[in-house]
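Take a look at the structure below.
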Amino acid sequence: MAVVERSAISDVIDHHPRLEVKNPITNHVIRSVVIGSHEDVSAAVARARAAQPAWEARGVKARAELLRRWSDQLWEQRQPIIQQIREETGKSEGSAFIEIALIDNLVDYYVRHAPRLLRPQKRRAAFPIIQRAQVHYKAHGVAGFITPWNYPLMNAFIDLVPALIAGNTAVLKPSELTPLTALRVVEMMVEAGIPADVVQVVTGDGSTGATLVDVVDYVAFTGSTATGRKIAVRAAERLIPYSLELGGKDPLIVLQNADLELAASGTLRGKFENAGQACIGTERVYVEAAVYEAFVERLLHYVEQMTLSAERGFDVHVGSLTHERELKRTEAHIADAVAKGAKILYGGKRRPDLGPLFFEPTILVDVDHSMLVMQEETFGPVLPVMRVHDAEEAIRLANDSVYGLSAALFTQDLKRGEQIASRLDSGDVCINRPQMTFGTFSVPMGGRKQSGVGRRNGPEGLMRFVTPQAIVTDTTWFSKPTLTQADPLTISVIQGLRRFRALTTFLRM
Ligand code: NAD
């Protein structure tokens, strides 16, 4: 397959520096890939640029159909892909399966809705009848994707799919920790009939990503806030459009009228999905005082039933961490909290008996906002739980963050829940089921404040990949040669329209 030869620019050229991809559970090298150079990235983008007009000319339905074929194959062949994801991340089988289910549903959403969303629109002309006004949607050209390691399938393709359907060609730079899933899945796109130059992978590290930003026409980045800021600066210098899906410190509020069984089990799910390494993972919990003790008791009841393991199976709730950096930060946040008075209620230790990067699901209580664990993104398996007086205090503390990605709350009063949700400074809010907006592809997802710029999913997630072009056509039915904008005919039409507007305004009163 062409894509493999290219991404593996690579496997044949000896002088390329390479990076090793390791299995976090065994610590064994699975394979090495090249660190794409400036020339490699530029060549990939040049091929993508040459392929783009023909790809766009196919039309949205034909493009969407190819992506549908690819997602069907992905679904059919999900077992080896799940194993591939697990091999390079160490995550549980359930978390890897969810990645496939999400992409499958994403493709279905855009296959159904993109043809309508991208259709040229008629708009009101300045001079109705004698002029026509339309908006057409044109692809940007070559879109670059720079993605993280925590969901090597989902985060690599969630933006790339709508970009392709919108008529862009794509060059993907996956995380240096987890490039193998992306390589295989792009190969499957080519097998499904998408031309090899339309979608390519360049493997490498941050330097490869930085080069990509220098040569593409749009950049969609998912990763840390620190890297996102650098990309935004470079994109601004080049005046190219971009979107950034960045870090978070997602709050979860438990109101006193919540169903505590659902709240406790849902909080654990929201926290320990992918061992806490989810951008929309629950990072801090605020519980109304009236139910605090009962909620914490239920948390303990359920957390004791969670399985931490390297084994396969959907009954494993928590797998390995992927990178030592997250393990060390998790420990540092726990140590800082304990030094400032927090108590470890559950967990708190490494589990080297399971693998080098396993860490127990951990619950902290007696926490406050002086602690790192309530301020900085932990991205690991630690759940800090804080008692608050009432909902007002919970809202104030939830909004006391530089981040604003997702938020969650539990209540049985759905109306009040929706009112409180609208007061939270976050891109989305999930009521009674954390992380649900992420899989709801009809709604936009993305961050406020330092959690990002732009939105993925929904119509917003598709339309960022096109640029609107206005086309206004004069029928010339009444046109005469004239050297001024204010010729007699134009003046009388303007006056007529002005009188018509005054009349319709009067009738509406
Ligand atoms: P990271 O910023 O270290 O790396 C992300 C990607 O950027 C990698 O492919 C990396 O090689 C590349 N990169 C690094 N430096 C670069 C540079 N100067 N120019 C261009 N590219 C560069 O992030 P990470 O550790 O891989 O991912 C974890 C972070 O991602 C967390 O903060 C998490 O919250 C965030 N995240 C956000 C979302 C979201 O949807 N908002 C989703 C997943 C992860």
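Every chain in the structure tokens takes a letter, A first, then B, and so on in the order presented; its residues are numbered from 1, and the ligands are numbered from 1 following the presented order.
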
Within 8 Å of ligand 1, counting only C-alpha atoms and all ligand atoms, residues as number ranges by chain: A: 146-151, 155, 173-177, 204-213, 221-228, 230-231, 244-248, 277-280, 377, 379, 405, 445-447, 451-452

What lies within 12 Å of region 468-482 of chain A using only C-alpha atoms, ignoring chain neighbours under 6 positions off, as a PyMOL selection string? chain A and resi 117-140+166+488-490+493

Check region 359-487 of chain A with DSSP on the backbone and list each residue it calls helix (DSSP H, G or I), as a VMD selection string. chain A and resid 372 to 375 391 to 398 414 to 421 436 to 439 458 to 463

Could you write those residues out with C-alpha atoms, as an mmCIF file, in the first residue's frame?
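Listed below is the output, out38.cif:
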data_model
loop_
_atom_site.group_PDB
_atom_site.id
_atom_site.type_symbol
_atom_site.label_atom_id
_atom_site.label_comp_id
_atom_site.auth_asym_id
_atom_site.auth_seq_id
_atom_site.Cartn_x
_atom_site.Cartn_y
_atom_site.Cartn_z
ATOM 1 C CA LEU A 372 -2.328 21.084 42.324
ATOM 2 C CA VAL A 373 -4.800 18.231 41.962
ATOM 3 C CA MET A 374 -7.659 20.781 41.913
ATOM 4 C CA GLN A 375 -5.884 23.261 39.649
ATOM 5 C CA ALA A 391 -24.847 24.433 44.471
ATOM 6 C CA GLU A 392 -23.753 28.080 44.342
ATOM 7 C CA GLU A 393 -20.383 27.239 45.861
ATOM 8 C CA ALA A 394 -20.058 24.274 43.506
ATOM 9 C CA ILE A 395 -20.691 26.499 40.464
ATOM 10 C CA ARG A 396 -18.194 29.104 41.674
ATOM 11 C CA LEU A 397 -15.478 26.514 42.263
ATOM 12 C CA ALA A 398 -16.234 24.628 39.036
ATOM 13 C CA LEU A 414 -33.516 17.910 35.179
ATOM 14 C CA LYS A 415 -34.770 21.465 34.694
ATOM 15 C CA ARG A 416 -32.611 22.831 37.507
ATOM 16 C CA GLY A 417 -29.713 20.772 36.144
ATOM 17 C CA GLU A 418 -30.052 22.458 32.765
ATOM 18 C CA GLN A 419 -30.209 25.882 34.412
ATOM 19 C CA ILE A 420 -27.027 25.197 36.372
ATOM 20 C CA ALA A 421 -25.363 23.762 33.248
ATOM 21 C CA MET A 436 -21.872 11.764 26.862
ATOM 22 C CA THR A 437 -21.556 14.852 24.683
ATOM 23 C CA PHE A 438 -18.394 13.409 23.163
ATOM 24 C CA GLY A 439 -20.274 10.539 21.528
ATOM 25 C CA GLY A 458 -21.831 18.549 14.657
ATOM 26 C CA PRO A 459 -22.277 20.997 11.769
ATOM 27 C CA GLU A 460 -19.631 23.241 13.392
ATOM 28 C CA GLY A 461 -17.037 20.462 13.201
ATOM 29 C CA LEU A 462 -17.608 20.051 9.466
ATOM 30 C CA MET A 463 -17.931 23.689 8.466
#

What's around Val303 (chain A) at 9 Å? Count only C-alpha atoms, leave out sequence neighbours fewer than 5 positions away in its own chain, and write the answer as a ChimeraX atom specification. /A:264-265,268,298,346,361-363

Applying 9 Å and only C-alpha atoms, which residues near Asp315 (chain A) remain after dropping the ones on its own chain fewer than 5 positions away? List them as a list in words.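 Selected residues are Glu93, Gly94, Met306 and Thr307 of chain A.
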
Pick from A:Val171, A:Val45, A:Val216, A:Ile25: nearest to Asp353 (chain A), with only C-alpha atoms counted? A:Ile25

Running DSSP on the backbone, which parts of region 141-328 of chain A land in strand (DSSP E), as a ChimeraX atom specification? /A:142-146,169-173,199-201,218-222,242-245,250-254,282-288

Quick one: of A:Thr411, A:Thr203, A:Asn274, A:Asn168, who's nearest to Glu99 (chain A), counting only C-alpha atoms?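 Smallest distance to Glu99 (chain A) is found for A:Asn274.
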
Non-local contacts of Ala43 (chain A) (12 Å; only C-alpha atoms; under 5 positions in same chain excluded) as a list in words: Arg6, Ser7, Ile9, Gly36, Ser37, His38, Ala48, Arg49, Ala50, Val171, Asp197, Gln200, Val201, Val202, Thr211, Leu212, Val215 and Val216 of chain A

Could you state the separation of CA of Ala235 (chain A) and CA of Asn457 (chain A) in Å, given to one decimal place?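 Value for the CA of Ala235 (chain A)-CA of Asn457 (chain A) distance: 21.8 Å.
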
For each of A:Thr378, A:Asn399, A:Gln412, A:Asn23, take the minimum atom-to-atom distance to Gly276 (chain A), counting only C-alpha atoms, then give the residue where this is smallest.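 Looking at the shortest contact to Gly276 (chain A), the residue is A:Thr378.
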
Near-Gly347 (chain A) list (9 Å; only C-alpha atoms; drop same-chain fewer than 2 positions) as a ChimeraX atom specification: /A:344-345,349-350,359-363,382

Could you check which of A:Ala163, A:Val142, A:Leu308, A:Met154 is closest to Pro53 (chain A), using only C-alpha atoms? A:Val142

Any idea what's packed within 9 Å of Gly355 (chain A), counting only C-alpha atoms, ignoring anything in its chain fewer than 5 positions away? Could you give it as a list of chain:residue names?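 That gives A:Pro24, A:Ile25, A:Thr26, A:Asn27, A:Ser309, A:Ala310, A:Ser320.
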
Just to confirm, what's the straight-line distance from CA of Val402 (chain A) to CA of Glu283 (chain A) in Å (one decimal)?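 Atom-to-atom, CA of Val402 (chain A) to CA of Glu283 (chain A), that is 13.3 Å.
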
Could you check which of A:Glu376, A:Glu187, A:Glu293, A:Asp214 is closest to Arg329 (chain A), using only C-alpha atoms?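 Among the listed residues, A:Glu376 lies closest to Arg329 (chain A).
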